Amino acid sequence: MSDGEWGDESSSSNNRGRGRGGRGGGRGRGNFNRNNDFDSSQGGDSWGNDGNNGGGGGWIDRNDQGDGLSRGRGRGGGRGRGGRSFDNNADDGNGFGGEGDQPPVSDKPRPTYIPPELDDNDFNSVEVGMNFDKYQNIEVKVSGDSVPTHIESFKNSGLREVLIEKLEKCKYTTPTPIQKYAIPVIINGRDIMASAQTGSGKTAAFVLPIVHTLLSKPIDLVFERDYCEPQCIIMSPTRELAIQIRDVVHKLTIGTVIKHSILYGGTATGHQRNQLANGIHIIVATPGRLNDFVGRGIVSFKSIRFFVLDEADRMLDMGFKPDIEKILNHQTMVDRHSRQTLLFSATLADDIQMMAKCYLKPDYVFIAVGEIGGACKDVKQEIREVTKFEKKKELIKVLESLGDCTGTMVFVEQKRNADFIAAFLSEKDYPTTSIHGDREQPEREQALRDFKNNKMKILVATAVAARGLDIKGVNCVINFDLPSSIDEYVHRIGRTGRLGNSGRAVSFYDSSSDNSLSSELVRILKQADQEIPSFLGGGGHNGGYGGGQSFDDVRQHNNTDNNISAADEDAW
Ligand SMILES: Nc1ncnc2c1ncn2[C@@H]1O[C@H](COP(=O)(O)OP(=O)(O)OP(=O)(O)O)[C@@H](O)[C@H]1O
């Protein structure tokens, strides 16, 4: 097959490949060792976590098909094309294997995992709960010049008919507040910084108007063999959230000309690369894997029309910031005036807003649904004072009190503790699985599937599952360990009580280690009208916003320190 044929594969009138002769020259990076699993504050995607950690979960999923799935389908051997020796299996640790002349620098096997095919008929998601109607009463603050008017219904939203049909299939009858405000803003070409509570439909709030725009104002796709110019990039801090966002994109684009793909670590790069071969409009990605594809010259940002940071505050914290800067400062990235930049999260502290605004056009629209960084009021929060020695006993007590513990997430801080607690619960005959960064990617995905379909009633997780995951039927979140940041607490407990459903969160507070969180916990409990235990010493707390939290758009603050010079801004 010639290069030109590769480029011409598209049959869509919209998708015109520009076949080009082979690009010679190797840009193999032989020494690209990345560490990480999204499990802590470290940023980056993982090229190197597979292969040596299997022991972590063997006891948990005795019937786990994860390994079988992945190893059985691994594709061996390289496929030399156009003078480049791409190894389909080449992945973590060694980058792509380059031209085959670079010896491996790691003993770790490269991931061969090819994720399962997408199911076109899976429109199953969290159903609207009885408190959904109360969403309409949540205060929404919008700032920015000439903000487009919000919509009241999907029917009158101006979204294309094909999308309205998809929404019906998804059983989305009424837009959530963030959707009412964000959809017209994005359709009208504006940038957005938006905060809305966990489980309130932020994903569709950006995916719908993006797909609408790509369909309404089509621009030819640019691609060729091993080269792709996506028109939209959606960034996620974790692989599982990336998969979930891709699933939403898939649901809303089935049968249209819009093509999407996903790039995330722990999977075979060859498979992902092949998916880009016919041109792609939307790439959902974790930062490390995207940067590696960009570094290889496979993905370029010349045609970017939308750049989205989901969980924007997480993407801009110390862990991921360098990766995001690398993307936004990349030589091929269009300037911010030539793209729409969309930032979403449930938590957007002032300092993050200050940093984030440099990425946006100065006239971006700021939307805050409810209190920024506030916990969802549909989650009944309980804080119990428990020493670390009593935690296991207390965990069993909580599970016993639940009766049926189906749909329980238990959060811990340490990866090894996740295995330890999952083993402990399994021994007590609670069907339990775990997800954390030391598990191989197929195991992680299998663990989530087992939890979603109730094969496993309990999921023990580290921070890797704290943000964004939308799992039907999560009834209770237990913080076996409290996280070190209050925003992380808000995200964790937001895995339950989604979309107007009631949820419950029980957190173990160990006064010897969790003191630093006490005043923030009091603030969050007060904001959500929850009972404040006396050991938190919160009686006299005024509940005011501290810790970098804000009710407002930072542009409205009078503090001159907040003013970033035009020169600084242009640096982005
Ligand atoms: N208008 C709607 N009507 C009914 N269901 C909806 C609507 N919008 C979104 N949903 C569903 O609501 C659930 C939560 O949506 P989503 O995961 O986008 O929330 P989120 O605000 O991004 O949460 P988080 O802050 O935890 O990431 C999903 O199951 C989604 O399918």
# chains A, B, ... in the order shown; residues from 1 in each chain; ligands from 1

$ closest_atom_pairs --of "chain A" --to "ligand 1" --cutoff "8 Å" --atoms "only C-alpha atoms and all ligand atoms" --output "CSV"
residue,atom,partner,partner_atom_place_in_ligand_line,distance
A:Asn124,CA,ligand 1,31 (O),7.8
A:Ser125,CA,ligand 1,29 (O),4.3
A:Val126,CA,ligand 1,29 (O),3.9
A:Glu127,CA,ligand 1,5 (N),6.1
A:Val128,CA,ligand 1,4 (C),5.5
A:Cys170,CA,ligand 1,31 (O),7.1
A:Lys171,CA,ligand 1,4 (C),6.1
A:Tyr172,CA,ligand 1,3 (N),3.5
A:Thr173,CA,ligand 1,3 (N),5.6
A:Thr174,CA,ligand 1,1 (N),5.0
A:Pro175,CA,ligand 1,1 (N),3.9
A:Thr176,CA,ligand 1,1 (N),5.0
A:Gln179,CA,ligand 1,1 (N),7.2
A:Ala196,CA,ligand 1,21 (O),6.4
A:Gln197,CA,ligand 1,25 (O),5.8
A:Thr198,CA,ligand 1,25 (O),3.3
A:Gly199,CA,ligand 1,23 (O),3.5
A:Ser200,CA,ligand 1,21 (O),3.8
A:Gly201,CA,ligand 1,18 (O),3.4
A:Lys202,CA,ligand 1,21 (O),3.9
A:Thr203,CA,ligand 1,18 (O),3.7
A:Ala204,CA,ligand 1,18 (O),5.7
A:Ala205,CA,ligand 1,18 (O),7.5
A:Val248,CA,ligand 1,31 (O),7.6
A:Asp310,CA,ligand 1,27 (O),7.9
A:Glu311,CA,ligand 1,27 (O),7.1
A:Ser345,CA,ligand 1,25 (O),6.0
A:Ala346,CA,ligand 1,25 (O),5.1
A:Arg467,CA,ligand 1,26 (O),5.8
A:Gly468,CA,ligand 1,27 (O),3.2
A:Leu469,CA,ligand 1,26 (O),6.0
A:Asp470,CA,ligand 1,17 (O),4.9
A:Ile471,CA,ligand 1,29 (O),7.3
A:Lys472,CA,ligand 1,29 (O),7.2
A:His491,CA,ligand 1,26 (O),6.4
A:Gly494,CA,ligand 1,26 (O),5.7
A:Arg495,CA,ligand 1,26 (O),6.2
A:Arg498,CA,ligand 1,14 (C),6.3
A:Leu499,CA,ligand 1,12 (O),5.4

$ write_last_selection --atoms "N, CA and C atoms" --output "compact mmCIF listing (two decimals), in the first residue's frame"
# COMPACT_ATOMS: atom_id res chain seq x y z
N ASN A 124 -26.48 3.19 28.15
CA ASN A 124 -26.75 3.08 29.57
C ASN A 124 -25.92 4.08 30.37
N SER A 125 -26.55 4.90 31.18
CA SER A 125 -25.76 5.77 32.05
C SER A 125 -26.56 6.03 33.31
N VAL A 126 -25.99 6.83 34.19
CA VAL A 126 -26.69 7.17 35.43
C VAL A 126 -28.04 7.78 35.07
N GLU A 127 -29.09 7.29 35.74
CA GLU A 127 -30.41 7.87 35.45
C GLU A 127 -30.68 9.04 36.37
N VAL A 128 -31.49 9.94 35.86
CA VAL A 128 -31.85 11.12 36.63
C VAL A 128 -32.50 10.72 37.95
N CYS A 170 -30.19 8.84 24.60
CA CYS A 170 -29.49 8.84 25.90
C CYS A 170 -30.45 9.13 27.05
N LYS A 171 -31.69 9.44 26.72
CA LYS A 171 -32.72 9.83 27.72
C LYS A 171 -32.35 11.13 28.44
N TYR A 172 -31.72 12.01 27.73
CA TYR A 172 -31.47 13.35 28.28
C TYR A 172 -32.66 14.22 27.86
N THR A 173 -33.59 14.46 28.77
CA THR A 173 -34.76 15.25 28.37
C THR A 173 -34.56 16.75 28.63
N THR A 174 -33.96 17.05 29.78
CA THR A 174 -33.77 18.46 30.15
C THR A 174 -32.29 18.75 30.31
N PRO A 175 -31.82 19.86 29.80
CA PRO A 175 -30.40 20.18 30.04
C PRO A 175 -30.15 20.50 31.51
N THR A 176 -29.01 20.11 32.00
CA THR A 176 -28.62 20.51 33.36
C THR A 176 -28.17 21.98 33.30
N GLN A 179 -25.19 22.73 31.26
CA GLN A 179 -25.45 22.55 29.82
C GLN A 179 -26.23 23.74 29.27
N ALA A 196 -18.94 23.40 37.87
CA ALA A 196 -20.28 22.92 38.26
C ALA A 196 -20.08 21.64 39.05
N GLN A 197 -21.01 21.38 39.93
CA GLN A 197 -20.82 20.28 40.88
C GLN A 197 -20.65 18.93 40.20
N THR A 198 -20.09 18.01 40.96
CA THR A 198 -19.86 16.65 40.46
C THR A 198 -21.18 16.03 39.98
N GLY A 199 -21.10 15.30 38.93
CA GLY A 199 -22.26 14.54 38.44
C GLY A 199 -23.35 15.38 37.83
N SER A 200 -23.02 16.58 37.33
CA SER A 200 -24.07 17.45 36.80
C SER A 200 -23.97 17.62 35.28
N GLY A 201 -23.32 16.69 34.62
CA GLY A 201 -23.36 16.68 33.15
C GLY A 201 -22.40 17.60 32.44
N LYS A 202 -21.22 17.81 33.02
CA LYS A 202 -20.25 18.71 32.38
C LYS A 202 -19.73 18.12 31.06
N THR A 203 -19.60 16.80 31.01
CA THR A 203 -19.03 16.20 29.78
C THR A 203 -19.88 16.55 28.56
N ALA A 204 -21.19 16.30 28.67
CA ALA A 204 -22.05 16.61 27.52
C ALA A 204 -22.09 18.11 27.27
N ALA A 205 -21.85 18.91 28.33
CA ALA A 205 -21.89 20.37 28.17
C ALA A 205 -20.82 20.84 27.20
N VAL A 248 -18.68 8.95 25.72
CA VAL A 248 -19.71 9.99 25.52
C VAL A 248 -19.59 10.54 24.09
N ASP A 310 -10.61 18.75 30.75
CA ASP A 310 -11.59 18.30 31.73
C ASP A 310 -10.81 18.14 33.04
N GLU A 311 -11.48 18.32 34.15
CA GLU A 311 -10.77 18.34 35.45
C GLU A 311 -9.62 19.34 35.34
N SER A 345 -14.36 21.95 35.51
CA SER A 345 -14.12 21.14 36.71
C SER A 345 -15.19 21.44 37.74
N ALA A 346 -15.25 20.61 38.77
CA ALA A 346 -16.14 20.91 39.90
C ALA A 346 -15.41 21.82 40.89
N ARG A 467 -11.73 11.23 40.38
CA ARG A 467 -12.31 12.31 39.57
C ARG A 467 -13.03 11.78 38.34
N GLY A 468 -14.20 12.31 38.14
CA GLY A 468 -14.87 12.16 36.85
C GLY A 468 -15.62 10.86 36.62
N LEU A 469 -15.20 9.78 37.27
CA LEU A 469 -15.82 8.50 36.92
C LEU A 469 -17.31 8.51 37.24
N ASP A 470 -18.07 8.10 36.26
CA ASP A 470 -19.53 8.16 36.36
C ASP A 470 -20.05 6.73 36.35
N ILE A 471 -20.28 6.19 37.53
CA ILE A 471 -20.66 4.78 37.62
C ILE A 471 -22.06 4.70 38.23
N LYS A 472 -22.91 4.05 37.47
CA LYS A 472 -24.31 3.91 37.90
C LYS A 472 -24.35 3.09 39.19
N HIS A 491 -14.27 15.70 45.05
CA HIS A 491 -14.38 14.83 43.86
C HIS A 491 -14.68 13.39 44.27
N GLY A 494 -18.12 12.83 45.29
CA GLY A 494 -18.97 13.07 44.12
C GLY A 494 -19.14 11.87 43.21
N ARG A 495 -18.50 10.72 43.57
CA ARG A 495 -18.76 9.50 42.78
C ARG A 495 -20.14 8.96 43.11
N ARG A 498 -25.04 11.38 42.19
CA ARG A 498 -24.91 12.05 40.89
C ARG A 498 -26.26 12.27 40.23
N LEU A 499 -26.36 13.33 39.50
CA LEU A 499 -27.53 13.64 38.67
C LEU A 499 -28.84 13.60 39.46

$ residues_around --residues "Asp191 in chain A" --least-positions-apart "5" --cutoff "6 Å" --atoms "only C-alpha atoms" --output "count of residues only"
4

$ residues_around --residues "range 236-243 of chain A" --least-positions-apart "4" --cutoff "9 Å" --atoms "only C-alpha atoms" --output "ChimeraX atom specification"
/A:37-39,43-45,247-248,262-266,284-287,308-312,314-315,320,441,444-445,448,464-465,467-470

$ write_last_selection --atoms "C-alpha atoms" --output "PDB file, in the first residue's frame"
ATOM      1  CA  ASP A  37      -0.019   5.894  36.906  1.00  0.00           C
ATOM      2  CA  PHE A  38      -1.999   8.970  37.802  1.00  0.00           C
ATOM      3  CA  ASP A  39      -2.196   7.690  41.218  1.00  0.00           C
ATOM      4  CA  GLY A  43       1.712  13.919  36.436  1.00  0.00           C
ATOM      5  CA  GLY A  44       2.205  12.314  33.141  1.00  0.00           C
ATOM      6  CA  ASP A  45       1.041   9.247  31.497  1.00  0.00           C
ATOM      7  CA  ASP A 247     -17.606   6.821  25.247  1.00  0.00           C
ATOM      8  CA  VAL A 248     -19.709   9.987  25.519  1.00  0.00           C
ATOM      9  CA  ILE A 262      -8.347   7.825  22.251  1.00  0.00           C
ATOM     10  CA  LEU A 263      -4.707   7.940  23.317  1.00  0.00           C
ATOM     11  CA  TYR A 264      -3.826   6.648  26.746  1.00  0.00           C
ATOM     12  CA  GLY A 265      -1.030   4.779  28.418  1.00  0.00           C
ATOM     13  CA  GLY A 266      -0.824   1.112  29.265  1.00  0.00           C
ATOM     14  CA  VAL A 284      -9.452  12.179  23.851  1.00  0.00           C
ATOM     15  CA  ALA A 285      -6.124  11.744  25.582  1.00  0.00           C
ATOM     16  CA  THR A 286      -4.089  11.550  28.717  1.00  0.00           C
ATOM     17  CA  PRO A 287      -1.130  13.945  28.618  1.00  0.00           C
ATOM     18  CA  VAL A 308     -10.547  21.044  26.311  1.00  0.00           C
ATOM     19  CA  LEU A 309      -9.178  20.435  29.781  1.00  0.00           C
ATOM     20  CA  ASP A 310     -11.587  18.299  31.735  1.00  0.00           C
ATOM     21  CA  GLU A 311     -10.774  18.339  35.448  1.00  0.00           C
ATOM     22  CA  ALA A 312      -8.949  21.525  34.517  1.00  0.00           C
ATOM     23  CA  ARG A 314      -6.047  18.781  38.160  1.00  0.00           C
ATOM     24  CA  MET A 315      -4.573  19.233  34.719  1.00  0.00           C
ATOM     25  CA  PHE A 320       0.405  17.759  34.955  1.00  0.00           C
ATOM     26  CA  GLN A 441      -4.206  -1.494  32.380  1.00  0.00           C
ATOM     27  CA  ARG A 444      -7.780  -1.712  35.805  1.00  0.00           C
ATOM     28  CA  GLU A 445     -10.406  -1.759  33.101  1.00  0.00           C
ATOM     29  CA  LEU A 448     -14.105  -1.175  36.649  1.00  0.00           C
ATOM     30  CA  VAL A 464      -6.940   7.312  40.166  1.00  0.00           C
ATOM     31  CA  ALA A 465     -10.713   6.850  40.520  1.00  0.00           C
ATOM     32  CA  ARG A 467     -12.309  12.305  39.572  1.00  0.00           C
ATOM     33  CA  GLY A 468     -14.871  12.156  36.853  1.00  0.00           C
ATOM     34  CA  LEU A 469     -15.822   8.497  36.920  1.00  0.00           C
ATOM     35  CA  ASP A 470     -19.534   8.160  36.359  1.00  0.00           C
TER      36      ASP A 470
END

$ residues_around --residues "Asp514 in chain A" --least-positions-apart "6" --cutoff "9 Å" --atoms "only C-alpha atoms" --output "compact mmCIF listing (two decimals) with N, CA and C atoms, in the first residue's frame"
# COMPACT_ATOMS: atom_id res chain seq x y z
N ASP A 481 -9.01 6.42 54.06
CA ASP A 481 -8.05 7.49 54.35
C ASP A 481 -8.61 8.77 53.73
N LEU A 482 -8.48 9.87 54.45
CA LEU A 482 -8.87 11.14 53.83
C LEU A 482 -7.77 11.59 52.88
N PRO A 483 -8.13 12.28 51.83
CA PRO A 483 -7.08 12.79 50.94
C PRO A 483 -6.42 14.01 51.58
N SER A 484 -5.32 14.45 51.02
CA SER A 484 -4.65 15.61 51.62
C SER A 484 -5.27 16.92 51.16

$ select_by_dssp --residues "range 374-450 of chain A" --states "helix (DSSP H, G or I)" --output "ChimeraX atom specification"
/A:391-402,415-427,441-450

$ closest_residue --among "A:Glu382, A:Asp363, A:Asp133, A:Glu152" --to "Arg190 in chain A" --atoms "only C-alpha atoms"
A:Asp363
